[in-house]
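Source file protein.txt; content: compact mmCIF, C-alpha atoms and all ligand atoms.
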```txt
# COMPACT_ATOMS: atom_id res chain seq x y z
CA MET A 1 47.29 -24.67 61.25
CA THR A 2 47.26 -23.28 57.74
CA GLY A 3 50.62 -24.66 56.69
CA PHE A 4 51.76 -21.13 55.84
CA PRO A 5 54.83 -19.73 57.59
CA GLU A 6 54.21 -17.62 60.67
CA LYS A 7 54.17 -13.84 60.27
CA ARG A 8 57.70 -12.53 59.78
CA LYS A 9 59.56 -9.39 58.78
CA LEU A 10 59.87 -8.40 55.13
CA ARG A 11 62.89 -10.29 53.75
CA ILE A 12 64.90 -8.92 50.84
CA ILE A 13 67.99 -10.33 49.13
CA VAL A 14 70.48 -7.58 48.27
CA GLY A 15 73.07 -8.47 45.66
CA ILE A 16 76.03 -6.17 45.12
CA SER A 17 78.07 -6.84 41.98
CA GLY A 18 81.08 -5.14 40.42
CA GLY A 19 79.43 -2.27 38.57
CA SER A 20 80.42 1.26 39.45
CA GLY A 21 78.19 2.84 42.11
CA ILE A 22 78.62 0.43 45.01
CA ILE A 23 77.48 3.27 47.26
CA TYR A 24 73.90 2.64 46.01
CA GLY A 25 74.05 -0.89 47.46
CA ILE A 26 75.54 0.31 50.74
CA ARG A 27 72.84 2.97 51.11
CA LEU A 28 70.08 0.45 50.39
CA LEU A 29 71.43 -1.78 53.18
CA GLU A 30 71.51 1.19 55.57
CA VAL A 31 67.93 2.16 54.80
CA LEU A 32 66.59 -1.41 55.04
CA ARG A 33 68.24 -1.66 58.44
CA GLN A 34 66.66 1.63 59.56
CA LEU A 35 63.27 0.38 58.37
CA GLY A 36 63.61 -2.92 60.28
CA ILE A 37 63.55 -4.95 57.05
CA GLU A 38 65.56 -8.18 56.89
CA SER A 39 68.37 -8.01 54.31
CA HIS A 40 70.27 -11.03 52.97
CA LEU A 41 73.48 -9.88 51.32
CA VAL A 42 75.64 -11.42 48.60
CA ILE A 43 78.69 -9.46 47.38
CA THR A 44 80.76 -10.58 44.38
CA PRO A 45 84.58 -10.56 44.40
CA ALA A 46 84.56 -7.78 41.78
CA ALA A 47 82.34 -5.66 44.04
CA LYS A 48 85.03 -5.85 46.71
CA ILE A 49 87.38 -4.22 44.20
CA THR A 50 84.92 -1.42 43.36
CA LEU A 51 84.32 -0.96 47.11
CA ALA A 52 88.01 -0.20 47.61
CA ALA A 53 88.24 1.92 44.46
CA GLU A 54 85.14 4.04 45.11
CA THR A 55 84.74 4.27 48.90
CA ASP A 56 86.53 4.14 52.24
CA TRP A 57 84.24 1.33 53.45
CA GLU A 58 85.67 -2.02 54.58
CA VAL A 59 83.97 -5.20 53.38
CA SER A 60 83.31 -6.37 56.96
CA LYS A 61 81.51 -3.09 57.79
CA VAL A 62 79.27 -3.40 54.73
CA GLU A 63 78.49 -7.02 55.63
CA LYS A 64 77.54 -5.95 59.16
CA LEU A 65 74.83 -3.67 57.74
CA ALA A 66 72.97 -6.76 56.54
CA THR A 67 70.91 -9.11 58.68
CA VAL A 68 72.64 -12.09 57.05
CA SER A 69 75.70 -12.05 54.81
CA TYR A 70 76.68 -14.99 52.58
CA ARG A 71 79.82 -16.12 50.78
CA ILE A 72 79.49 -15.88 47.01
CA ASN A 73 80.30 -19.60 46.58
CA ASP A 74 77.90 -20.79 49.28
CA ILE A 75 75.63 -22.35 46.70
CA ALA A 76 73.86 -24.37 49.43
CA ALA A 77 72.76 -21.27 51.39
CA GLU A 78 69.03 -21.01 52.17
CA ILE A 79 68.46 -18.25 49.57
CA SER A 80 69.56 -20.65 46.81
CA SER A 81 66.26 -22.52 47.19
CA GLY A 82 62.79 -21.41 46.21
CA SER A 83 61.44 -23.15 49.29
CA TYR A 84 63.02 -20.45 51.49
CA PRO A 85 60.55 -17.58 51.81
CA VAL A 86 61.89 -14.32 50.41
CA ASP A 87 59.82 -11.30 49.38
CA ALA A 88 62.03 -9.69 46.73
CA MET A 89 65.57 -9.30 45.45
CA VAL A 90 67.56 -6.26 44.32
CA ILE A 91 70.94 -6.31 42.57
CA ILE A 92 72.43 -2.86 43.06
CA PRO A 93 74.63 -2.10 41.22
CA CYS A 94 74.18 -4.86 38.64
CA SER A 95 77.24 -5.31 36.42
CA MET A 96 76.85 -6.26 32.78
CA HIS A 97 78.60 -9.53 33.67
CA THR A 98 76.03 -10.48 36.30
CA MET A 99 73.20 -9.26 34.04
CA GLY A 100 74.49 -11.47 31.21
CA ALA A 101 74.88 -14.49 33.47
CA ILE A 102 71.30 -14.23 34.78
CA ALA A 103 69.93 -13.60 31.27
CA SER A 104 71.68 -16.76 30.03
CA GLY A 105 70.60 -18.93 32.95
CA VAL A 106 74.17 -19.26 34.22
CA SER A 107 73.63 -19.68 37.96
CA ASP A 108 77.12 -20.66 39.04
CA ASN A 109 77.37 -18.48 42.14
CA LEU A 110 74.98 -17.60 44.97
CA LEU A 111 74.09 -14.22 43.46
CA THR A 112 73.07 -15.48 40.02
CA ARG A 113 71.40 -18.57 41.53
CA SER A 114 69.33 -16.43 43.92
CA ALA A 115 68.28 -14.22 41.01
CA GLU A 116 67.26 -17.30 39.02
CA VAL A 117 65.23 -18.54 42.00
CA THR A 118 63.59 -15.13 42.42
CA LEU A 119 62.50 -15.20 38.77
CA LYS A 120 61.28 -18.80 38.79
CA GLU A 121 59.27 -18.20 41.97
CA ARG A 122 57.75 -15.11 40.29
CA ARG A 123 59.00 -12.81 43.04
CA PRO A 124 59.99 -9.19 42.33
CA LEU A 125 63.56 -8.89 40.99
CA VAL A 126 64.90 -5.34 40.61
CA LEU A 127 68.14 -4.94 38.67
CA VAL A 128 70.03 -1.65 38.83
CA PRO A 129 72.51 -1.73 35.92
CA ARG A 130 75.27 0.86 35.59
CA GLU A 131 77.13 1.04 32.33
CA THR A 132 77.45 3.50 29.49
CA PRO A 133 77.36 3.29 26.55
CA LEU A 134 75.50 0.02 26.10
CA THR A 135 76.20 -2.66 23.50
CA ILE A 136 73.39 -4.50 21.77
CA ILE A 137 74.35 -7.50 23.93
CA HIS A 138 73.64 -5.48 27.11
CA ILE A 139 70.36 -4.20 25.67
CA GLU A 140 69.22 -7.67 24.58
CA ASN A 141 70.10 -9.12 27.99
CA MET A 142 68.02 -6.42 29.68
CA ALA A 143 65.11 -7.06 27.30
CA LYS A 144 65.31 -10.80 27.96
CA LEU A 145 65.23 -10.24 31.72
CA ALA A 146 62.39 -7.74 31.45
CA HIS A 147 60.42 -10.37 29.48
CA ALA A 148 61.17 -12.87 32.27
CA GLY A 149 59.62 -10.47 34.81
CA ALA A 150 62.61 -8.54 36.15
CA ILE A 151 62.37 -4.79 36.64
CA ILE A 152 65.27 -2.99 35.00
CA ALA A 153 65.90 0.24 36.94
CA PRO A 154 69.14 1.75 35.61
CA ALA A 155 71.15 4.00 37.90
CA MET A 156 70.33 7.20 36.02
CA PRO A 157 70.36 10.35 38.12
CA ALA A 158 67.41 12.73 37.78
CA PHE A 159 67.72 16.47 38.29
CA TYR A 160 64.14 17.64 38.80
CA HIS A 161 64.61 17.33 42.57
CA ARG A 162 67.62 19.70 42.41
CA PRO A 163 70.26 17.41 44.00
CA LYS A 164 72.85 19.32 46.04
CA SER A 165 75.16 16.41 46.77
CA ILE A 166 76.09 12.88 45.79
CA ASP A 167 74.04 11.73 48.80
CA ASP A 168 70.95 13.34 47.24
CA ILE A 169 71.59 11.50 43.96
CA VAL A 170 72.16 8.18 45.74
CA ASP A 171 69.04 8.59 47.92
CA HIS A 172 66.95 9.35 44.85
CA MET A 173 67.97 6.03 43.25
CA VAL A 174 67.55 4.04 46.44
CA GLY A 175 64.16 5.68 47.01
CA LYS A 176 63.07 4.67 43.49
CA VAL A 177 64.09 1.06 44.20
CA LEU A 178 62.09 1.09 47.46
CA ASP A 179 59.11 2.54 45.57
CA LEU A 180 59.32 -0.40 43.13
CA LEU A 181 59.16 -2.76 46.10
CA LYS A 182 56.21 -0.75 47.51
CA ILE A 183 58.22 0.18 50.60
CA GLU A 184 57.18 3.60 51.89
CA ASN A 185 60.07 6.08 52.04
CA ASN A 186 60.88 9.77 52.03
CA LEU A 187 64.36 9.52 50.56
CA PHE A 188 63.79 12.04 47.79
CA LYS A 189 61.67 15.03 46.94
CA ARG A 190 58.82 13.94 44.71
CA TRP A 191 57.55 15.75 41.66
CA THR A 192 54.40 17.67 42.52
CA GLY A 193 53.77 19.32 39.17
CA ALA A 194 55.25 22.37 37.48
CA SER A 195 52.90 25.01 38.91
CA SER A 196 55.33 26.03 41.68
CA PHE A 197 57.96 27.37 39.30
CA LEU A 198 56.34 27.95 35.93
CA VAL A 199 55.29 31.55 35.23
CA GLN A 200 51.52 31.65 34.84
CA GLU A 201 50.22 33.13 31.57
CA SER A 202 48.24 35.68 33.63
CA ASP A 203 51.51 36.87 35.31
CA GLN A 204 53.21 37.70 32.03
C1 LIG A 301 86.42 0.37 39.36
C2 LIG A 301 85.61 -0.52 38.47
C3 LIG A 301 84.45 -0.04 37.92
C4 LIG A 301 83.65 -0.87 37.11
N1 LIG A 301 82.49 -0.36 36.62
C5 LIG A 301 81.65 -1.18 35.93
C6 LIG A 301 80.37 -0.70 35.53
O1 LIG A 301 79.99 0.44 35.77
N2 LIG A 301 79.56 -1.56 34.90
C7 LIG A 301 79.92 -2.85 34.64
O2 LIG A 301 79.09 -3.59 34.08
N3 LIG A 301 81.14 -3.32 34.98
C8 LIG A 301 82.01 -2.52 35.62
N4 LIG A 301 83.24 -3.00 36.01
C9 LIG A 301 83.65 -4.32 35.58
C10 LIG A 301 83.11 -5.46 36.43
O3 LIG A 301 83.53 -5.31 37.77
C11 LIG A 301 83.60 -6.80 35.84
O4 LIG A 301 82.96 -7.04 34.60
C12 LIG A 301 83.36 -7.97 36.76
O5 LIG A 301 83.74 -9.16 36.11
C13 LIG A 301 81.94 -8.09 37.21
O6 LIG A 301 81.81 -9.25 37.99
P1 LIG A 301 80.53 -9.51 38.88
O7 LIG A 301 79.35 -9.38 38.00
O8 LIG A 301 80.71 -10.94 39.33
O9 LIG A 301 80.55 -8.58 40.00
C14 LIG A 301 84.06 -2.19 36.81
C15 LIG A 301 85.26 -2.66 37.38
C16 LIG A 301 86.01 -1.84 38.19
C17 LIG A 301 87.28 -2.39 38.79
```
Translate the structure described by the file into structure tokens.
Amino acid sequence: MTGFPEKRKLRIIVGISGGSGIIYGIRLLEVLRQLGIESHLVITPAAKITLAAETDWEVSKVEKLATVSYRINDIAAEISSGSYPVDAMVIIPCSMHTMGAIASGVSDNLLTRSAEVTLKERRPLVLVPRETPLTIIHIENMAKLAHAGAIIAPAMPAFYHRPKSIDDIVDHMVGKVLDLLKIENNLFKRWTGASSFLVQESDQ
């Protein structure tokens, strides 16, 4: 007996807040499921509005993608305590409201409380903000969270992989998040240098 918990699956908290780009969160849940990784989902009320505005998904279908789904006000849920073993947390998309609440230590719902716990337990916390332009308040909140150990990974599409569809753009972002969590994935075409398309000096 070591006192350590028995071997278990990777366990990740997925928070979905009311920033635009809820499809990123849905895709992350799909991929975690495909990879056999345990996902613990918290969706904010505002995210249910963006879900209806931006997709044809129903809330219940999104919740079914997760291993466990919690009510936002269930402040006594297991993920609200640092004693419950969790490997990492991602908030995708992360609204400026949720970002500000976490940065100020306001943990008045299960999402912000779980993020606070993730930080205090020194576990990886990846935040995927989506807003433009940014105010100095947004920027200072991000800096504060980065100082506290969070990884700020804004939803900023790249074009070097020549995306052909929205799915390509979404998979690129989700793949980057998985990379940050050191979860192997082939969701996007990686940069392999410029030699394949640059004209060599000798060819000119
Ligand atoms: C369609 C729609 C799109 C939104 N897009 C953003 C956004 O990109 N970024 C953001 O920070 N807030 C956005 N908001 C505003 C947030 O949903 C709002 O600030 C909300 O209070 C966030 O609450 P939450 O952090 O608890 O989810 C959007 C709202 C709606 C209805």
Handout entry: Selected residue, from A:Arg130, A:Lys176, A:Lys48, A:Lys164, that lies nearest to Lys61 (chain A) when counting all atoms listed in the file
Key =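 Result for the nearest residue to Lys61 (chain A): A:Lys48.
Taking atom O3 of ligand LIG 301 (chain A) and CA of Ile102 (chain A) as the two end points, the separation is 15.4 Å.
The spacing separating CA of Ser60 (chain A) from CA of Ser39 (chain A) amounts to 15.3 Å.
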Practice task
List the neighbours of Val59 (chain A) out to 12 Å using only C-alpha atoms; skip same-chain residues closer than 2 positions along the sequence, and give me the result as a list in words.
Solution key: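 Here the answer would be Ile16, Ile22, Ile26, Leu41, Val42, Ile43, Thr44, Pro45, Ala46, Ala47, Lys48, Ile49, Thr50, Leu51, Ala52, Thr55, Asp56, Trp57, Lys61, Val62, Glu63, Lys64, Leu65, Ala66, Ser69 and Arg71 of chain A.
The space between CA of Ala148 (chain A) and CA of Gly105 (chain A) spans 11.2 Å.
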Problem - Spatial neighbours of Phe197 (chain A), 12 Å, all atoms listed in the file, chain gap at least 5 places, as a list in words - result: Tyr160, Trp191 and Thr192 of chain A
How would you write, as a PDB file with C-alpha atoms, in the frame of the given file, the set of residues no farther than 12 Å from ligand LIG 301 (chain A) when counting all atoms listed in the file?
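The resulting file, pocket_33.pdb, is reproduced below:
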```pdb
ATOM      1  CA  GLY A  15      73.070  -8.470  45.660  1.00  0.00           C
ATOM      2  CA  ILE A  16      76.030  -6.170  45.120  1.00  0.00           C
ATOM      3  CA  SER A  17      78.070  -6.840  41.980  1.00  0.00           C
ATOM      4  CA  GLY A  18      81.080  -5.140  40.420  1.00  0.00           C
ATOM      5  CA  GLY A  19      79.430  -2.270  38.570  1.00  0.00           C
ATOM      6  CA  SER A  20      80.420   1.260  39.450  1.00  0.00           C
ATOM      7  CA  GLY A  21      78.190   2.840  42.110  1.00  0.00           C
ATOM      8  CA  ILE A  22      78.620   0.430  45.010  1.00  0.00           C
ATOM      9  CA  VAL A  42      75.640 -11.420  48.600  1.00  0.00           C
ATOM     10  CA  ILE A  43      78.690  -9.460  47.380  1.00  0.00           C
ATOM     11  CA  THR A  44      80.760 -10.580  44.380  1.00  0.00           C
ATOM     12  CA  PRO A  45      84.580 -10.560  44.400  1.00  0.00           C
ATOM     13  CA  ALA A  46      84.560  -7.780  41.780  1.00  0.00           C
ATOM     14  CA  ALA A  47      82.340  -5.660  44.040  1.00  0.00           C
ATOM     15  CA  LYS A  48      85.030  -5.850  46.710  1.00  0.00           C
ATOM     16  CA  ILE A  49      87.380  -4.220  44.200  1.00  0.00           C
ATOM     17  CA  THR A  50      84.920  -1.420  43.360  1.00  0.00           C
ATOM     18  CA  LEU A  51      84.320  -0.960  47.110  1.00  0.00           C
ATOM     19  CA  ALA A  52      88.010  -0.200  47.610  1.00  0.00           C
ATOM     20  CA  ALA A  53      88.240   1.920  44.460  1.00  0.00           C
ATOM     21  CA  GLU A  54      85.140   4.040  45.110  1.00  0.00           C
ATOM     22  CA  THR A  55      84.740   4.270  48.900  1.00  0.00           C
ATOM     23  CA  ILE A  72      79.490 -15.880  47.010  1.00  0.00           C
ATOM     24  CA  ASN A  73      80.300 -19.600  46.580  1.00  0.00           C
ATOM     25  CA  ILE A  91      70.940  -6.310  42.570  1.00  0.00           C
ATOM     26  CA  ILE A  92      72.430  -2.860  43.060  1.00  0.00           C
ATOM     27  CA  PRO A  93      74.630  -2.100  41.220  1.00  0.00           C
ATOM     28  CA  CYS A  94      74.180  -4.860  38.640  1.00  0.00           C
ATOM     29  CA  SER A  95      77.240  -5.310  36.420  1.00  0.00           C
ATOM     30  CA  MET A  96      76.850  -6.260  32.780  1.00  0.00           C
ATOM     31  CA  HIS A  97      78.600  -9.530  33.670  1.00  0.00           C
ATOM     32  CA  THR A  98      76.030 -10.480  36.300  1.00  0.00           C
ATOM     33  CA  MET A  99      73.200  -9.260  34.040  1.00  0.00           C
ATOM     34  CA  GLY A 100      74.490 -11.470  31.210  1.00  0.00           C
ATOM     35  CA  ALA A 101      74.880 -14.490  33.470  1.00  0.00           C
ATOM     36  CA  ILE A 102      71.300 -14.230  34.780  1.00  0.00           C
ATOM     37  CA  VAL A 106      74.170 -19.260  34.220  1.00  0.00           C
ATOM     38  CA  SER A 107      73.630 -19.680  37.960  1.00  0.00           C
ATOM     39  CA  ASP A 108      77.120 -20.660  39.040  1.00  0.00           C
ATOM     40  CA  ASN A 109      77.370 -18.480  42.140  1.00  0.00           C
ATOM     41  CA  LEU A 110      74.980 -17.600  44.970  1.00  0.00           C
ATOM     42  CA  LEU A 111      74.090 -14.220  43.460  1.00  0.00           C
ATOM     43  CA  THR A 112      73.070 -15.480  40.020  1.00  0.00           C
ATOM     44  CA  LEU A 127      68.140  -4.940  38.670  1.00  0.00           C
ATOM     45  CA  VAL A 128      70.030  -1.650  38.830  1.00  0.00           C
ATOM     46  CA  PRO A 129      72.510  -1.730  35.920  1.00  0.00           C
ATOM     47  CA  ARG A 130      75.270   0.860  35.590  1.00  0.00           C
ATOM     48  CA  GLU A 131      77.130   1.040  32.330  1.00  0.00           C
ATOM     49  CA  THR A 132      77.450   3.500  29.490  1.00  0.00           C
ATOM     50  CA  PRO A 133      77.360   3.290  26.550  1.00  0.00           C
ATOM     51  CA  LEU A 134      75.500   0.020  26.100  1.00  0.00           C
ATOM     52  CA  THR A 135      76.200  -2.660  23.500  1.00  0.00           C
ATOM     53  CA  ILE A 137      74.350  -7.500  23.930  1.00  0.00           C
ATOM     54  CA  HIS A 138      73.640  -5.480  27.110  1.00  0.00           C
ATOM     55  CA  PRO A 154      69.140   1.750  35.610  1.00  0.00           C
ATOM     56  CA  ALA A 155      71.150   4.000  37.900  1.00  0.00           C
ATOM     57  CA  MET A 156      70.330   7.200  36.020  1.00  0.00           C
TER      58      MET A 156
END
```
Coordinates of region 65-166 of chain A, C-alpha atoms, as an mmCIF file, in the first residue's frame:
```
data_model
loop_
_atom_site.group_PDB
_atom_site.id
_atom_site.type_symbol
_atom_site.label_atom_id
_atom_site.label_comp_id
_atom_site.auth_asym_id
_atom_site.auth_seq_id
_atom_site.Cartn_x
_atom_site.Cartn_y
_atom_site.Cartn_z
ATOM 1 C CA LEU A 65 -20.116 13.661 -24.906
ATOM 2 C CA ALA A 66 -18.560 14.049 -21.464
ATOM 3 C CA THR A 67 -17.865 11.263 -18.993
ATOM 4 C CA VAL A 68 -19.426 13.352 -16.215
ATOM 5 C CA SER A 69 -21.433 16.555 -16.574
ATOM 6 C CA TYR A 70 -22.075 18.935 -13.664
ATOM 7 C CA ARG A 71 -24.533 21.729 -12.920
ATOM 8 C CA ILE A 72 -22.844 25.131 -12.781
ATOM 9 C CA ASN A 73 -24.126 25.757 -9.232
ATOM 10 C CA ASP A 74 -23.098 22.347 -7.886
ATOM 11 C CA ILE A 75 -20.400 23.900 -5.766
ATOM 12 C CA ALA A 76 -20.114 20.668 -3.712
ATOM 13 C CA ALA A 77 -19.223 18.506 -6.744
ATOM 14 C CA GLU A 78 -16.035 16.428 -6.442
ATOM 15 C CA ILE A 79 -14.083 18.694 -8.843
ATOM 16 C CA SER A 80 -14.561 21.621 -6.433
ATOM 17 C CA SER A 81 -12.013 20.026 -4.081
ATOM 18 C CA GLY A 82 -8.274 19.701 -4.519
ATOM 19 C CA SER A 83 -8.453 16.307 -2.839
ATOM 20 C CA TYR A 84 -10.189 14.885 -5.937
ATOM 21 C CA PRO A 85 -7.504 13.746 -8.375
ATOM 22 C CA VAL A 86 -7.635 15.590 -11.691
ATOM 23 C CA ASP A 87 -4.806 15.852 -14.223
ATOM 24 C CA ALA A 88 -5.593 19.155 -15.950
ATOM 25 C CA MET A 89 -8.317 21.643 -16.810
ATOM 26 C CA VAL A 90 -9.179 23.473 -20.034
ATOM 27 C CA ILE A 91 -11.673 26.327 -20.399
ATOM 28 C CA ILE A 92 -12.569 26.473 -24.072
ATOM 29 C CA PRO A 93 -13.789 29.005 -25.032
ATOM 30 C CA CYS A 94 -12.973 31.191 -22.035
ATOM 31 C CA SER A 95 -15.082 34.364 -21.908
ATOM 32 C CA MET A 96 -13.609 37.600 -20.605
ATOM 33 C CA HIS A 97 -16.128 37.347 -17.761
ATOM 34 C CA THR A 98 -14.883 33.938 -16.614
ATOM 35 C CA MET A 99 -11.262 35.041 -17.159
ATOM 36 C CA GLY A 100 -11.855 38.108 -14.965
ATOM 37 C CA ALA A 101 -13.572 36.087 -12.252
ATOM 38 C CA ILE A 102 -10.705 33.569 -12.027
ATOM 39 C CA ALA A 103 -8.088 36.353 -12.122
ATOM 40 C CA SER A 104 -9.833 38.089 -9.203
ATOM 41 C CA GLY A 105 -10.282 34.937 -7.137
ATOM 42 C CA VAL A 106 -14.064 35.047 -7.505
ATOM 43 C CA SER A 107 -14.978 31.357 -7.321
ATOM 44 C CA ASP A 108 -18.740 31.605 -7.026
ATOM 45 C CA ASN A 109 -19.659 28.845 -9.470
ATOM 46 C CA LEU A 110 -18.307 25.358 -10.177
ATOM 47 C CA LEU A 111 -16.335 26.499 -13.224
ATOM 48 C CA THR A 112 -14.418 29.312 -11.532
ATOM 49 C CA ARG A 113 -13.991 27.238 -8.343
ATOM 50 C CA SER A 114 -12.539 24.303 -10.305
ATOM 51 C CA ALA A 115 -10.140 26.673 -12.051
ATOM 52 C CA GLU A 116 -9.068 28.100 -8.690
ATOM 53 C CA VAL A 117 -8.494 24.557 -7.385
ATOM 54 C CA THR A 118 -6.511 23.634 -10.502
ATOM 55 C CA LEU A 119 -4.226 26.637 -9.944
ATOM 56 C CA LYS A 120 -3.789 26.108 -6.210
ATOM 57 C CA GLU A 121 -2.957 22.429 -6.727
ATOM 58 C CA ARG A 122 -0.397 23.497 -9.376
ATOM 59 C CA ARG A 123 -2.091 21.427 -12.074
ATOM 60 C CA PRO A 124 -2.080 22.524 -15.728
ATOM 61 C CA LEU A 125 -4.819 25.067 -16.510
ATOM 62 C CA VAL A 126 -5.257 25.978 -20.185
ATOM 63 C CA LEU A 127 -7.467 28.970 -20.955
ATOM 64 C CA VAL A 128 -8.646 29.571 -24.517
ATOM 65 C CA PRO A 129 -9.906 33.173 -24.599
ATOM 66 C CA ARG A 130 -11.840 34.535 -27.571
ATOM 67 C CA GLU A 131 -12.357 38.248 -27.792
ATOM 68 C CA THR A 132 -11.186 41.060 -30.015
ATOM 69 C CA PRO A 133 -10.101 43.760 -29.555
ATOM 70 C CA LEU A 134 -8.841 43.442 -25.996
ATOM 71 C CA THR A 135 -9.063 46.071 -23.257
ATOM 72 C CA ILE A 136 -6.207 46.629 -20.835
ATOM 73 C CA ILE A 137 -8.412 44.913 -18.233
ATOM 74 C CA HIS A 138 -8.515 41.730 -20.366
ATOM 75 C CA ILE A 139 -4.760 41.900 -20.959
ATOM 76 C CA GLU A 140 -3.971 42.440 -17.267
ATOM 77 C CA ASN A 141 -6.251 39.548 -16.275
ATOM 78 C CA MET A 142 -4.448 37.277 -18.727
ATOM 79 C CA ALA A 143 -1.053 38.424 -17.418
ATOM 80 C CA LYS A 144 -2.166 37.807 -13.827
ATOM 81 C CA LEU A 145 -3.318 34.287 -14.678
ATOM 82 C CA ALA A 146 -0.151 33.550 -16.644
ATOM 83 C CA HIS A 147 1.861 34.626 -13.563
ATOM 84 C CA ALA A 148 -0.277 32.253 -11.473
ATOM 85 C CA GLY A 149 0.689 29.368 -13.778
ATOM 86 C CA ALA A 150 -2.171 29.237 -16.283
ATOM 87 C CA ILE A 151 -1.427 28.763 -19.974
ATOM 88 C CA ILE A 152 -3.175 31.381 -22.089
ATOM 89 C CA ALA A 153 -3.844 29.858 -25.523
ATOM 90 C CA PRO A 154 -6.065 32.303 -27.434
ATOM 91 C CA ALA A 155 -8.297 30.942 -30.171
ATOM 92 C CA MET A 156 -6.286 32.456 -33.021
ATOM 93 C CA PRO A 157 -6.473 30.567 -36.301
ATOM 94 C CA ALA A 158 -3.213 29.851 -38.120
ATOM 95 C CA PHE A 159 -2.992 29.558 -41.891
ATOM 96 C CA TYR A 160 0.331 27.805 -42.489
ATOM 97 C CA HIS A 161 -1.491 24.455 -42.573
ATOM 98 C CA ARG A 162 -3.761 25.743 -45.388
ATOM 99 C CA PRO A 163 -7.162 25.178 -43.709
ATOM 100 C CA LYS A 164 -9.908 24.253 -46.192
ATOM 101 C CA SER A 165 -12.824 24.364 -43.777
ATOM 102 C CA ILE A 166 -13.984 25.550 -40.375
#
```
